[in-house]
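Source file: query-v4.json; contents: JSON, C-alpha atoms.
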[["chain", "number", "residue", "atom", "x", "y", "z"],
["A", 1233, "MET", "CA", 21.42, -7.85, 23.54],
["A", 1234, "HIS", "CA", 17.81, -8.29, 24.64],
["A", 1235, "ILE", "CA", 15.56, -9.67, 21.91],
["A", 1236, "THR", "CA", 11.81, -9.34, 22.32],
["A", 1237, "PRO", "CA", 9.84, -12.28, 20.95],
["A", 1238, "VAL", "CA", 6.75, -11.32, 19.00],
["A", 1239, "PRO", "CA", 3.81, -13.23, 20.52],
["A", 1240, "PRO", "CA", 2.03, -15.54, 18.09],
["A", 1241, "CYS", "CA", -1.06, -13.90, 16.60],
["A", 1242, "PRO", "CA", -2.54, -16.20, 13.95],
["A", 1243, "GLU", "CA", -5.46, -13.80, 13.49],
["A", 1244, "THR", "CA", -3.11, -11.13, 12.12],
["A", 1245, "ASP", "CA", -3.15, -11.05, 8.32],
["A", 1246, "VAL", "CA", -0.79, -8.11, 7.73],
["A", 1247, "VAL", "CA", 2.33, -6.85, 9.47],
["A", 1248, "VAL", "CA", 3.38, -3.31, 8.54],
["A", 1249, "VAL", "CA", 6.99, -2.32, 9.28],
["A", 1250, "GLY", "CA", 7.51, 1.41, 9.07],
["A", 1251, "GLU", "CA", 7.78, 4.80, 10.66],
["A", 1252, "ALA", "CA", 5.19, 6.45, 12.90],
["A", 1253, "ILE", "CA", 5.64, 10.18, 13.33],
["A", 1254, "ILE", "CA", 3.73, 13.24, 14.37],
["A", 1255, "ASP", "CA", 2.84, 15.53, 11.47],
["A", 1256, "ILE", "CA", 2.81, 19.23, 12.37],
["A", 1257, "ILE", "CA", 0.85, 21.68, 10.23],
["A", 1258, "ASP", "CA", 1.15, 25.40, 10.91],
["A", 1259, "THR", "CA", -2.17, 27.23, 10.77],
["A", 1260, "ALA", "CA", -3.37, 30.75, 11.58],
["A", 1261, "ALA", "CA", -4.54, 29.37, 14.92],
["A", 1262, "GLY", "CA", -1.14, 27.85, 15.64],
["A", 1263, "PRO", "CA", 0.52, 24.47, 14.97],
["A", 1264, "PHE", "CA", -1.77, 21.47, 14.68],
["A", 1265, "GLU", "CA", -0.39, 17.98, 15.38],
["A", 1266, "PHE", "CA", -1.73, 14.63, 14.25],
["A", 1267, "PRO", "CA", -0.35, 11.09, 13.84],
["A", 1268, "GLY", "CA", 1.32, 10.32, 10.51],
["A", 1269, "GLY", "CA", 4.15, 8.55, 8.76],
["A", 1270, "SER", "CA", 3.74, 6.31, 5.74],
["A", 1271, "GLY", "CA", 3.94, 3.05, 7.69],
["A", 1272, "MET", "CA", 1.50, 4.25, 10.32],
["A", 1273, "ASN", "CA", -0.91, 5.54, 7.66],
["A", 1274, "VAL", "CA", -0.89, 2.22, 5.79],
["A", 1275, "ALA", "CA", -1.48, 0.25, 9.00],
["A", 1276, "PHE", "CA", -4.28, 2.61, 10.03],
["A", 1277, "GLY", "CA", -5.85, 2.42, 6.57],
["A", 1278, "LEU", "CA", -5.79, -1.38, 6.69],
["A", 1279, "GLY", "CA", -7.44, -1.36, 10.11],
["A", 1280, "ARG", "CA", -10.17, 0.93, 8.78],
["A", 1281, "LEU", "CA", -10.78, -1.54, 5.96],
["A", 1282, "GLY", "CA", -11.32, -4.32, 8.49],
["A", 1283, "VAL", "CA", -7.99, -6.07, 7.92],
["A", 1284, "SER", "CA", -6.36, -7.58, 11.01],
["A", 1285, "THR", "CA", -3.10, -5.65, 11.20],
["A", 1286, "ALA", "CA", -0.02, -5.48, 13.44],
["A", 1287, "PHE", "CA", 2.48, -2.63, 13.32],
["A", 1288, "LEU", "CA", 6.22, -2.77, 13.99],
["A", 1289, "THR", "CA", 7.66, 0.70, 14.52],
["A", 1290, "ALA", "CA", 9.90, 2.91, 16.69],
["A", 1291, "LEU", "CA", 8.55, 5.53, 19.11],
["A", 1292, "GLY", "CA", 9.64, 7.59, 22.07],
["A", 1293, "SER", "CA", 8.06, 7.22, 25.47],
["A", 1294, "ASP", "CA", 6.21, 10.53, 25.39],
["A", 1295, "GLU", "CA", 2.83, 12.17, 24.81],
["A", 1296, "ARG", "CA", 3.28, 12.08, 21.03],
["A", 1297, "SER", "CA", 3.76, 8.32, 21.19],
["A", 1298, "LYS", "CA", 0.56, 8.01, 23.21],
["A", 1299, "ALA", "CA", -1.30, 10.05, 20.60],
["A", 1300, "ILE", "CA", -0.12, 7.66, 17.87],
["A", 1301, "GLN", "CA", -1.15, 4.63, 19.90],
["A", 1302, "ARG", "CA", -4.60, 6.06, 20.59],
["A", 1303, "HIS", "CA", -4.99, 6.74, 16.86],
["A", 1304, "LEU", "CA", -4.04, 3.16, 15.95],
["A", 1305, "ASP", "CA", -6.41, 1.81, 18.61],
["A", 1306, "THR", "CA", -9.37, 3.47, 16.88],
["A", 1307, "ALA", "CA", -8.71, 1.30, 13.82],
["A", 1308, "GLY", "CA", -7.98, -1.87, 15.80],
["A", 1309, "VAL", "CA", -4.29, -1.96, 14.81],
["A", 1310, "ARG", "CA", -2.04, -3.89, 17.19],
["A", 1311, "LEU", "CA", 1.30, -2.29, 18.11],
["A", 1312, "LEU", "CA", 4.05, -4.92, 18.30],
["A", 1313, "PRO", "CA", 6.20, -5.03, 21.47],
["A", 1314, "GLY", "CA", 9.23, -2.85, 22.12],
["A", 1315, "ALA", "CA", 8.19, 0.20, 20.09],
["A", 1316, "GLU", "CA", 8.80, 2.85, 22.79],
["A", 1317, "HIS", "CA", 12.60, 2.77, 22.87],
["A", 1318, "LEU", "CA", 13.63, 6.06, 21.22],
["A", 1319, "ASN", "CA", 14.55, 9.27, 23.04],
["A", 1320, "ARG", "CA", 11.58, 11.01, 21.43],
["A", 1321, "THR", "CA", 8.90, 10.37, 18.84],
["A", 1322, "SER", "CA", 9.85, 11.66, 15.39],
["A", 1323, "THR", "CA", 8.08, 14.60, 13.75],
["A", 1324, "ALA", "CA", 7.49, 16.03, 10.26],
["A", 1325, "ARG", "CA", 6.39, 19.60, 9.69],
["A", 1326, "ALA", "CA", 4.09, 19.70, 6.65],
["A", 1327, "LEU", "CA", 4.31, 22.63, 4.23],
["A", 1328, "LEU", "CA", 1.20, 22.77, 2.01],
["A", 1329, "ASP", "CA", 1.22, 24.57, -1.35],
["A", 1330, "SER", "CA", -1.79, 26.17, -3.03],
["A", 1331, "SER", "CA", -2.89, 22.85, -4.56],
["A", 1332, "GLY", "CA", -2.88, 21.07, -1.20],
["A", 1333, "SER", "CA", 0.28, 19.08, -1.95],
["A", 1334, "ALA", "CA", 2.62, 18.65, 1.00],
["A", 1335, "GLU", "CA", 6.37, 18.84, 1.48],
["A", 1336, "TYR", "CA", 7.91, 17.88, 4.82],
["A", 1337, "GLU", "CA", 10.70, 18.95, 7.16],
["A", 1338, "PHE", "CA", 11.71, 15.96, 9.30],
["A", 1339, "ASP", "CA", 13.09, 15.48, 12.80],
["A", 1340, "PHE", "CA", 13.48, 11.75, 12.42],
["A", 1341, "GLU", "CA", 15.14, 8.74, 14.05],
["A", 1342, "TRP", "CA", 14.68, 5.14, 12.88],
["A", 1343, "ASN", "CA", 15.95, 2.17, 14.85],
["A", 1344, "LEU", "CA", 13.76, -0.90, 15.22],
["A", 1345, "PRO", "CA", 13.40, -2.87, 18.45],
["A", 1346, "GLN", "CA", 15.22, -6.19, 18.41],
["A", 1347, "ILE", "CA", 12.54, -8.82, 17.84],
["A", 1348, "SER", "CA", 12.25, -12.52, 17.14],
["A", 1349, "PRO", "CA", 9.27, -13.19, 14.83],
["A", 1350, "THR", "CA", 7.20, -16.20, 15.87],
["A", 1351, "PHE", "CA", 4.47, -16.16, 13.22],
["A", 1352, "LEU", "CA", 4.13, -15.74, 9.47],
["A", 1353, "PRO", "CA", 1.67, -13.09, 8.26],
["A", 1354, "LYS", "CA", -0.11, -13.33, 4.93],
["A", 1355, "VAL", "CA", 1.36, -9.97, 3.90],
["A", 1356, "LEU", "CA", 4.40, -8.05, 5.10],
["A", 1357, "HIS", "CA", 4.47, -4.40, 4.06],
["A", 1358, "THR", "CA", 7.24, -1.83, 4.32],
["A", 1359, "GLY", "CA", 8.52, 1.29, 2.62],
["A", 1360, "SER", "CA", 9.27, 4.98, 2.86],
["A", 1361, "LEU", "CA", 11.92, 6.16, 5.34],
["A", 1362, "ALA", "CA", 11.93, 2.76, 7.07],
["A", 1363, "SER", "CA", 13.59, 1.14, 4.06],
["A", 1364, "PHE", "CA", 16.32, 3.78, 3.65],
["A", 1365, "MET", "CA", 17.25, 5.31, 7.03],
["A", 1366, "GLU", "CA", 19.88, 3.52, 9.10],
["A", 1367, "PRO", "CA", 20.24, 1.72, 11.40],
["A", 1368, "GLY", "CA", 16.63, 0.61, 11.01],
["A", 1369, "ALA", "CA", 16.83, 0.02, 7.25],
["A", 1370, "THR", "CA", 19.29, -2.86, 7.72],
["A", 1371, "GLN", "CA", 16.88, -4.45, 10.22],
["A", 1372, "VAL", "CA", 14.02, -4.05, 7.75],
["A", 1373, "ARG", "CA", 16.00, -5.76, 4.97],
["A", 1374, "SER", "CA", 16.80, -8.64, 7.34],
["A", 1375, "LEU", "CA", 13.07, -9.15, 7.97],
["A", 1376, "LEU", "CA", 12.32, -9.04, 4.26],
["A", 1377, "GLU", "CA", 15.04, -11.58, 3.54],
["A", 1378, "LEU", "CA", 13.60, -13.82, 6.26],
["A", 1379, "PHE", "CA", 10.04, -13.67, 4.87],
["A", 1380, "SER", "CA", 10.71, -13.32, 1.13],
["A", 1381, "ARG", "CA", 8.87, -15.98, -0.93],
["A", 1382, "ARG", "CA", 7.21, -17.22, 2.28],
["A", 1383, "CYS", "CA", 4.47, -14.58, 2.25],
["A", 1384, "LEU", "CA", 3.40, -11.67, 0.06],
["A", 1385, "ILE", "CA", 5.69, -8.66, 0.48],
["A", 1386, "THR", "CA", 4.52, -5.21, -0.58],
["A", 1387, "TYR", "CA", 6.80, -2.20, -0.90],
["A", 1388, "ASP", "CA", 6.25, 1.54, -1.42],
["A", 1389, "PRO", "CA", 9.51, 3.55, -1.31],
["A", 1390, "ASN", "CA", 7.74, 6.92, -0.93],
["A", 1391, "ILE", "CA", 11.01, 8.71, -1.72],
["A", 1392, "ARG", "CA", 12.07, 11.67, 0.45],
["A", 1393, "PRO", "CA", 15.11, 13.03, -1.46],
["A", 1394, "THR", "CA", 16.14, 15.53, 1.23],
["A", 1395, "LEU", "CA", 16.75, 12.69, 3.69],
["A", 1396, "LEU", "CA", 18.69, 10.39, 1.37],
["A", 1397, "ARG", "CA", 22.48, 10.39, 1.12],
["A", 1398, "SER", "CA", 22.83, 10.01, -2.64],
["A", 1399, "HIS", "CA", 20.87, 8.89, -5.66],
["A", 1400, "THR", "CA", 23.29, 6.00, -6.29],
["A", 1401, "GLU", "CA", 23.01, 4.64, -2.76],
["A", 1402, "ALA", "CA", 19.22, 5.08, -2.64],
["A", 1403, "LEU", "CA", 18.77, 3.33, -6.00],
["A", 1404, "ARG", "CA", 20.91, 0.41, -4.85],
["A", 1405, "THR", "CA", 18.86, 0.07, -1.65],
["A", 1406, "PHE", "CA", 15.61, 0.38, -3.57],
["A", 1407, "GLU", "CA", 16.48, -2.25, -6.17],
["A", 1408, "HIS", "CA", 17.70, -4.69, -3.52],
["A", 1409, "THR", "CA", 14.34, -4.32, -1.77],
["A", 1410, "VAL", "CA", 12.38, -4.68, -5.02],
["A", 1411, "ALA", "CA", 14.05, -8.05, -5.59],
["A", 1412, "LEU", "CA", 12.57, -9.26, -2.29],
["A", 1413, "ALA", "CA", 9.05, -7.92, -2.87],
["A", 1414, "THR", "CA", 5.96, -9.35, -4.53],
["A", 1415, "VAL", "CA", 4.29, -6.00, -5.25],
["A", 1416, "VAL", "CA", 5.98, -2.60, -5.64],
["A", 1417, "LYS", "CA", 4.16, 0.74, -5.88],
["A", 1418, "LEU", "CA", 5.85, 3.97, -6.94],
["A", 1419, "SER", "CA", 4.43, 7.44, -7.32],
["A", 1420, "SER", "CA", 5.30, 9.18, -10.57],
["A", 1421, "ASP", "CA", 7.59, 11.47, -8.55],
["A", 1422, "ASP", "CA", 9.36, 8.43, -7.09],
["A", 1423, "ALA", "CA", 9.79, 6.93, -10.55],
["A", 1424, "ARG", "CA", 11.20, 10.16, -12.02],
["A", 1425, "TRP", "CA", 13.66, 10.58, -9.16],
["A", 1426, "LEU", "CA", 14.85, 6.98, -9.21],
["A", 1427, "TYR", "CA", 14.92, 6.60, -13.01],
["A", 1428, "PRO", "CA", 15.27, 10.03, -14.69],
["A", 1429, "ARG", "CA", 14.19, 10.26, -18.34],
["A", 1430, "THR", "CA", 12.57, 6.81, -18.18],
["A", 1431, "SER", "CA", 8.90, 6.31, -19.05],
["A", 1432, "PRO", "CA", 6.54, 4.81, -16.44],
["A", 1433, "HIS", "CA", 6.09, 1.75, -18.68],
["A", 1434, "ASP", "CA", 9.84, 1.18, -18.81],
["A", 1435, "VAL", "CA", 10.20, 1.74, -15.06],
["A", 1436, "ALA", "CA", 7.55, -0.91, -14.43],
["A", 1437, "ARG", "CA", 9.33, -3.29, -16.81],
["A", 1438, "ARG", "CA", 12.58, -2.69, -14.90],
["A", 1439, "LEU", "CA", 10.88, -3.60, -11.60],
["A", 1440, "LEU", "CA", 9.54, -6.82, -13.08],
["A", 1441, "ASP", "CA", 13.01, -7.65, -14.38],
["A", 1442, "LEU", "CA", 14.34, -7.19, -10.84],
["A", 1443, "GLY", "CA", 11.97, -9.89, -9.61],
["A", 1444, "THR", "CA", 8.76, -8.32, -8.36],
["A", 1445, "GLU", "CA", 5.48, -9.77, -9.69],
["A", 1446, "LEU", "CA", 3.42, -6.58, -9.91],
["A", 1447, "ALA", "CA", 4.67, -3.04, -10.52],
["A", 1448, "ILE", "CA", 2.43, 0.00, -10.04],
["A", 1449, "ILE", "CA", 3.05, 3.65, -10.93],
["A", 1450, "THR", "CA", 0.54, 6.14, -9.53],
["A", 1451, "ASP", "CA", 0.19, 9.65, -10.94],
["A", 1452, "GLY", "CA", -2.42, 11.53, -8.92],
["A", 1453, "ALA", "CA", -5.30, 12.85, -11.01],
["A", 1454, "SER", "CA", -3.84, 11.10, -14.09],
["A", 1455, "GLY", "CA", -4.57, 7.68, -12.57],
["A", 1456, "SER", "CA", -2.31, 4.66, -12.18],
["A", 1457, "TYR", "CA", -0.52, 2.10, -14.33],
["A", 1458, "LEU", "CA", -0.33, -1.55, -13.24],
["A", 1459, "ARG", "CA", 1.90, -4.08, -14.95],
["A", 1460, "SER", "CA", 2.69, -7.74, -14.35],
["A", 1461, "ASN", "CA", 4.25, -10.37, -16.57],
["A", 1462, "ALA", "CA", 0.72, -11.42, -17.55],
["A", 1463, "ALA", "CA", -1.06, -8.10, -18.14],
["A", 1464, "GLU", "CA", -0.93, -4.32, -17.98],
["A", 1465, "ILE", "CA", -3.63, -1.71, -17.46],
["A", 1466, "ASP", "CA", -4.15, 2.03, -17.04],
["A", 1467, "VAL", "CA", -6.71, 2.87, -14.35],
["A", 1468, "PRO", "CA", -8.20, 6.40, -14.45],
["A", 1469, "ALA", "CA", -8.46, 8.38, -11.24],
["A", 1470, "PRO", "CA", -12.04, 9.15, -10.17],
["A", 1471, "PRO", "CA", -13.02, 12.83, -10.39],
["A", 1472, "VAL", "CA", -12.81, 14.52, -6.99],
["A", 1473, "VAL", "CA", -12.51, 17.98, -5.47],
["A", 1474, "VAL", "CA", -9.11, 17.83, -3.74],
["A", 1475, "LYS", "CA", -8.89, 19.12, -0.17],
["A", 1476, "ASP", "CA", -5.27, 17.97, 0.20],
["A", 1477, "THR", "CA", -3.16, 15.01, -0.88],
["A", 1478, "VAL", "CA", -1.88, 14.00, 2.57],
["A", 1479, "GLY", "CA", -1.99, 10.21, 2.89],
["A", 1480, "ALA", "CA", -3.41, 9.57, -0.59],
["A", 1481, "GLY", "CA", -0.65, 7.17, -1.64],
["A", 1482, "ASP", "CA", -0.87, 5.35, 1.67],
["A", 1483, "SER", "CA", -4.64, 4.91, 1.25],
["A", 1484, "TYR", "CA", -4.00, 3.50, -2.22],
["A", 1485, "MET", "CA", -1.50, 1.08, -0.67],
["A", 1486, "SER", "CA", -3.86, 0.00, 2.13],
["A", 1487, "SER", "CA", -6.64, -0.76, -0.33],
["A", 1488, "LEU", "CA", -4.21, -2.60, -2.60],
["A", 1489, "ILE", "CA", -3.08, -4.85, 0.26],
["A", 1490, "ALA", "CA", -6.68, -5.48, 1.33],
["A", 1491, "GLY", "CA", -7.47, -6.43, -2.26],
["A", 1492, "LEU", "CA", -4.54, -8.85, -2.41],
["A", 1493, "LEU", "CA", -5.93, -10.62, 0.66],
["A", 1494, "GLU", "CA", -9.44, -10.87, -0.77],
["A", 1495, "ASP", "CA", -8.66, -11.69, -4.40],
["A", 1496, "ARG", "CA", -7.70, -15.36, -4.57],
["A", 1497, "GLU", "CA", -6.67, -15.50, -8.23],
["A", 1498, "ASP", "CA", -3.14, -16.91, -8.37],
["A", 1499, "ASP", "CA", -1.76, -14.75, -11.15],
["A", 1500, "PHE", "CA", -1.80, -11.02, -11.77],
["A", 1501, "GLY", "CA", -3.98, -11.16, -14.86],
["A", 1502, "TYR", "CA", -6.01, -8.36, -16.42],
["A", 1503, "GLY", "CA", -9.10, -8.95, -14.29],
["A", 1504, "LYS", "CA", -7.20, -8.93, -11.03],
["A", 1505, "LEU", "CA", -5.21, -5.82, -11.97],
["A", 1506, "THR", "CA", -8.47, -4.06, -12.86],
["A", 1507, "ARG", "CA", -10.07, -4.92, -9.52],
["A", 1508, "LEU", "CA", -7.01, -3.98, -7.49],
["A", 1509, "GLY", "CA", -6.39, -0.72, -9.33],
["A", 1510, "THR", "CA", -10.03, 0.39, -9.32],
["A", 1511, "ALA", "CA", -10.52, -0.11, -5.58],
["A", 1512, "ALA", "CA", -7.17, 1.48, -4.69],
["A", 1513, "SER", "CA", -7.89, 4.52, -6.87],
["A", 1514, "LEU", "CA", -11.27, 5.00, -5.21],
["A", 1515, "ALA", "CA", -9.68, 4.73, -1.75],
["A", 1516, "ALA", "CA", -7.16, 7.44, -2.67],
["A", 1517, "ALA", "CA", -9.92, 9.63, -4.11],
["A", 1518, "ILE", "CA", -11.93, 9.42, -0.89],
["A", 1519, "THR", "CA", -8.84, 10.45, 1.07],
["A", 1520, "VAL", "CA", -7.96, 13.49, -1.05],
["A", 1521, "GLY", "CA", -11.58, 14.60, -0.88],
["A", 1522, "ARG", "CA", -11.19, 15.37, 2.84],
["A", 1523, "HIS", "CA", -8.50, 16.94, 4.95],
["A", 1524, "GLY", "CA", -5.54, 14.99, 6.36],
["A", 1525, "ALA", "CA", -4.59, 11.32, 6.20],
["A", 1526, "ASN", "CA", -8.19, 10.19, 6.62],
["A", 1527, "PRO", "CA", -8.58, 6.89, 4.72],
["A", 1528, "PRO", "CA", -11.93, 5.26, 4.01],
["A", 1529, "THR", "CA", -13.63, 2.68, 6.17],
["A", 1530, "ARG", "CA", -14.57, -0.61, 4.58],
["A", 1531, "ALA", "CA", -18.21, 0.51, 4.34],
["A", 1532, "GLU", "CA", -17.20, 3.75, 2.58],
["A", 1533, "LEU", "CA", -15.02, 1.94, 0.06],
["A", 1534, "VAL", "CA", -17.65, -0.73, -0.64],
["A", 1535, "ARG", "CA", -20.25, 1.97, -1.22],
["A", 1536, "SER", "CA", -17.90, 3.86, -3.53],
["A", 1537, "LEU", "CA", -17.25, 0.70, -5.54],
["A", 1538, "GLU", "CA", -21.00, 0.07, -5.82],
["A", 1539, "LEU", "CA", -21.62, 3.61, -7.07],
["A", 1540, "ALA", "CA", -18.78, 3.29, -9.59],
["A", 1541, "GLN", "CA", -20.26, 0.04, -10.86],
["A", 1542, "ILE", "CA", -23.70, 1.65, -11.24],
["A", 1543, "SER", "CA", -22.15, 4.59, -13.07],
["A", 1544, "ARG", "CA", -20.32, 2.28, -15.50],
["A", 1545, "LYS", "CA", -23.50, 0.29, -16.13],
["A", 1546, "ASN", "CA", -25.49, 3.45, -16.87],
["A", 1547, "SER", "CA", -22.75, 4.62, -19.23],
["A", 1548, "ASP", "CA", -22.81, 1.27, -21.08],
["A", 1549, "ASP", "CA", -26.62, 1.45, -21.42]]

structure tokens encoding of this file:
Amino acid sequence: MHITPVPPCPETDVVVVGEAIIDIIDTAAGPFEFPGGSGMNVAFGLGRLGVSTAFLTALGSDERSKAIQRHLDTAGVRLLPGAEHLNRTSTARALLDSSGSAEYEFDFEWNLPQISPTFLPKVLHTGSLASFMEPGATQVRSLLELFSRRCLITYDPNIRPTLLRSHTEALRTFEHTVALATVVKLSSDDARWLYPRTSPHDVARRLLDLGTELAIITDGASGSYLRSNAAEIDVPAPPVVVKDTVGAGDSYMSSLIAGLLEDREDDFGYGKLTRLGTAASLAAAITVGRHGANPPTRAELVRSLELAQISRKNSDD
């Protein structure tokens, strides 16, 4: 078996391991294609925020792969070696409802290139289909086991029930991954599917009991709930006119990771949870306020944070 060594890149702060696919949206003018996939979106969002990011994924050697690579290039994201080894690049056809929410029909294959890591990033992120779909999911877990407790690990399961074999198997996979992660983010839909009839507060407590240090439940316009062993907080979602929700959770995740890199406080106390949750919520709000998975740049997010701070100050006065 040929194993590709990953060249040392000490300037890389984050490695994202996840799927890159082509999203297809049917319009009156015909199908429209654009790069997507939770892993790709998180990597792209990090690049936009000025975070040095490398991306480990699986692609075909085709025009759709080239489109994904061009997209990543615009954000300065580095594609790790060996990605183009599939028969074709995976796709997801997006079906939008009247509120702009998306459901997907997938043509998906996930099998990572065989690599030998030669550097330790500050953060390793994974999630979504990459953590559930075999044979790649086993490779992902091996990487997490290798890096667990050696760097920050962030995880967003981004559950796609139609692609999972069973609830029991998916829950087992999810909880094994949670035990390896530092930070875990679930959407409210994820939490309800994984833990039916369990409150978000109790779901977060369960994740902490499994070994993660920070558990987050996001709930769209209702905001997000962050809980650690030191503190808990509800963060309201900023008001926004929603164009669509494509990529909103991934933008939240990108901002969260960027915040983890910048915020040097050792514990997940109230102040840190407030800063992380506020910035991530603003990043998601910017994304839903425009069409597609179009996350904010660093300048846009900084400006949004400044405006939010001014608004809070005026309210206090």

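Interatomic distance, atom CA of Val1467 of chain A to atom CA of Gly1509 of chain A: 6.2 Å.
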
Centre and size of axis-aligned box enclosing segment 1367-1373 of chain A plus 3 Å each side, as JSON:
{"center_x": 17.1, "center_y": -2.0, "center_z": 8.2, "size_x": 12.2, "size_y": 13.5, "size_z": 12.4}

Nearby residues (only C-alpha atoms) at most 6 Å from Gly1501 of chain A, same-chain spacing under 3 positions excluded, as a PyMOL selection string: chain A and resi 1462-1463+1504

Selection: 12 Å around segment 1324-1328 of chain A, only C-alpha atoms, excl. self and same-chain fewer than 2 positions, as an mmCIF file with C-alpha atoms, keeping the file's coordinate frame:
data_model
loop_
_atom_site.group_PDB
_atom_site.id
_atom_site.type_symbol
_atom_site.label_atom_id
_atom_site.label_comp_id
_atom_site.auth_asym_id
_atom_site.auth_seq_id
_atom_site.Cartn_x
_atom_site.Cartn_y
_atom_site.Cartn_z
ATOM 1 C CA GLU A 1251 7.780 4.800 10.660
ATOM 2 C CA ALA A 1252 5.190 6.450 12.900
ATOM 3 C CA ILE A 1253 5.640 10.180 13.330
ATOM 4 C CA ILE A 1254 3.730 13.240 14.370
ATOM 5 C CA ASP A 1255 2.840 15.530 11.470
ATOM 6 C CA ILE A 1256 2.810 19.230 12.370
ATOM 7 C CA ILE A 1257 0.850 21.680 10.230
ATOM 8 C CA ASP A 1258 1.150 25.400 10.910
ATOM 9 C CA THR A 1259 -2.170 27.230 10.770
ATOM 10 C CA PRO A 1263 0.520 24.470 14.970
ATOM 11 C CA PHE A 1264 -1.770 21.470 14.680
ATOM 12 C CA GLU A 1265 -0.390 17.980 15.380
ATOM 13 C CA PHE A 1266 -1.730 14.630 14.250
ATOM 14 C CA PRO A 1267 -0.350 11.090 13.840
ATOM 15 C CA GLY A 1268 1.320 10.320 10.510
ATOM 16 C CA GLY A 1269 4.150 8.550 8.760
ATOM 17 C CA SER A 1270 3.740 6.310 5.740
ATOM 18 C CA THR A 1321 8.900 10.370 18.840
ATOM 19 C CA SER A 1322 9.850 11.660 15.390
ATOM 20 C CA SER A 1330 -1.790 26.170 -3.030
ATOM 21 C CA SER A 1331 -2.890 22.850 -4.560
ATOM 22 C CA GLY A 1332 -2.880 21.070 -1.200
ATOM 23 C CA SER A 1333 0.280 19.080 -1.950
ATOM 24 C CA ALA A 1334 2.620 18.650 1.000
ATOM 25 C CA GLU A 1335 6.370 18.840 1.480
ATOM 26 C CA TYR A 1336 7.910 17.880 4.820
ATOM 27 C CA GLU A 1337 10.700 18.950 7.160
ATOM 28 C CA PHE A 1338 11.710 15.960 9.300
ATOM 29 C CA ASP A 1339 13.090 15.480 12.800
ATOM 30 C CA PHE A 1340 13.480 11.750 12.420
ATOM 31 C CA GLU A 1341 15.140 8.740 14.050
ATOM 32 C CA LEU A 1361 11.920 6.160 5.340
ATOM 33 C CA ARG A 1392 12.070 11.670 0.450
ATOM 34 C CA LEU A 1395 16.750 12.690 3.690
ATOM 35 C CA LYS A 1475 -8.890 19.120 -0.170
ATOM 36 C CA ASP A 1476 -5.270 17.970 0.200
ATOM 37 C CA THR A 1477 -3.160 15.010 -0.880
ATOM 38 C CA VAL A 1478 -1.880 14.000 2.570
ATOM 39 C CA GLY A 1479 -1.990 10.210 2.890
ATOM 40 C CA HIS A 1523 -8.500 16.940 4.950
ATOM 41 C CA GLY A 1524 -5.540 14.990 6.360
#

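One distance worth recording is that between atom CA of Asp1441 of chain A and atom CA of Leu1492 of chain A, which is 21.3 Å.
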
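With all atoms listed in the file as the atoms that count, the minimum distance from Pro1471 of chain A to the choices A:Gly1443, A:Asp1499, A:Gly1455, A:Glu1377 is reached by A:Gly1455.
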
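Across the structure, atom CA of His1408 of chain A and atom CA of Leu1426 of chain A are spaced 13.3 Å apart.
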
Considering all atoms listed in the file, return as a tab-separated table (two decimals) with C-alpha atoms, in the coordinates of the input whatever protein or nucleic-acid residues lie within 10 Å of His1399 of chain A, sequence-local ones (same chain, fewer than 6 positions apart) excluded.
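File written: result.tsv
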chain	number	residue	atom	x	y	z
A	1393	PRO	CA	15.11	13.03	-1.46
A	1405	THR	CA	18.86	0.07	-1.65
A	1425	TRP	CA	13.66	10.58	-9.16
A	1426	LEU	CA	14.85	6.98	-9.21
A	1427	TYR	CA	14.92	6.60	-13.01

Residue contacts of Leu1537 of chain A (12 Å, only C-alpha atoms) excluding same-chain residues fewer than 2 positions away, as a PyMOL selection string: chain A and resi 1470+1487+1507-1515+1517-1518+1528+1530-1535+1539-1544

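With all atoms listed in the file as the atoms that count, the minimum distance from Met1485 of chain A to the choices A:Asp1421, A:Glu1538, A:Glu1407, A:Asp1388 is reached by A:Asp1388.
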
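In this comparison, which uses all atoms listed in the file, the residue of A:Arg1381, A:Glu1316, A:Gly1282, A:Ile1448 approaching Glu1295 of chain A most closely is A:Glu1316.
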
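Once Ser1363 of chain A and its same-chain neighbours fewer than 4 positions away are set aside, Gly1250, Thr1358, Gly1359, Gly1368, Ala1369, Thr1370, Val1372, Arg1373, Pro1389, Thr1405 and Phe1406 of chain A remain within 8 Å of it when counting only C-alpha atoms.
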
Let me see the file: selected residues, C-alpha atoms, as a PDB file, in the frame of the given file.
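Generated file (selection34.pdb):
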ATOM      1  CA  GLY A1250       7.510   1.410   9.070  1.00  0.00           C
ATOM      2  CA  THR A1358       7.240  -1.830   4.320  1.00  0.00           C
ATOM      3  CA  GLY A1359       8.520   1.290   2.620  1.00  0.00           C
ATOM      4  CA  GLY A1368      16.630   0.610  11.010  1.00  0.00           C
ATOM      5  CA  ALA A1369      16.830   0.020   7.250  1.00  0.00           C
ATOM      6  CA  THR A1370      19.290  -2.860   7.720  1.00  0.00           C
ATOM      7  CA  VAL A1372      14.020  -4.050   7.750  1.00  0.00           C
ATOM      8  CA  ARG A1373      16.000  -5.760   4.970  1.00  0.00           C
ATOM      9  CA  PRO A1389       9.510   3.550  -1.310  1.00  0.00           C
ATOM     10  CA  THR A1405      18.860   0.070  -1.650  1.00  0.00           C
ATOM     11  CA  PHE A1406      15.610   0.380  -3.570  1.00  0.00           C
TER      12      PHE A1406
END

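Using all atoms listed in the file for every distance, the candidate list A:Phe1351, A:Phe1287, A:Tyr1502, A:Phe1364 yields A:Phe1364 as the residue closest to Leu1403 of chain A.
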
Given all atoms listed in the file as the counted atoms, nearest of A:Ser1419, A:Arg1438, A:Tyr1387, A:Met1365 to Ser1454 of chain A: A:Ser1419
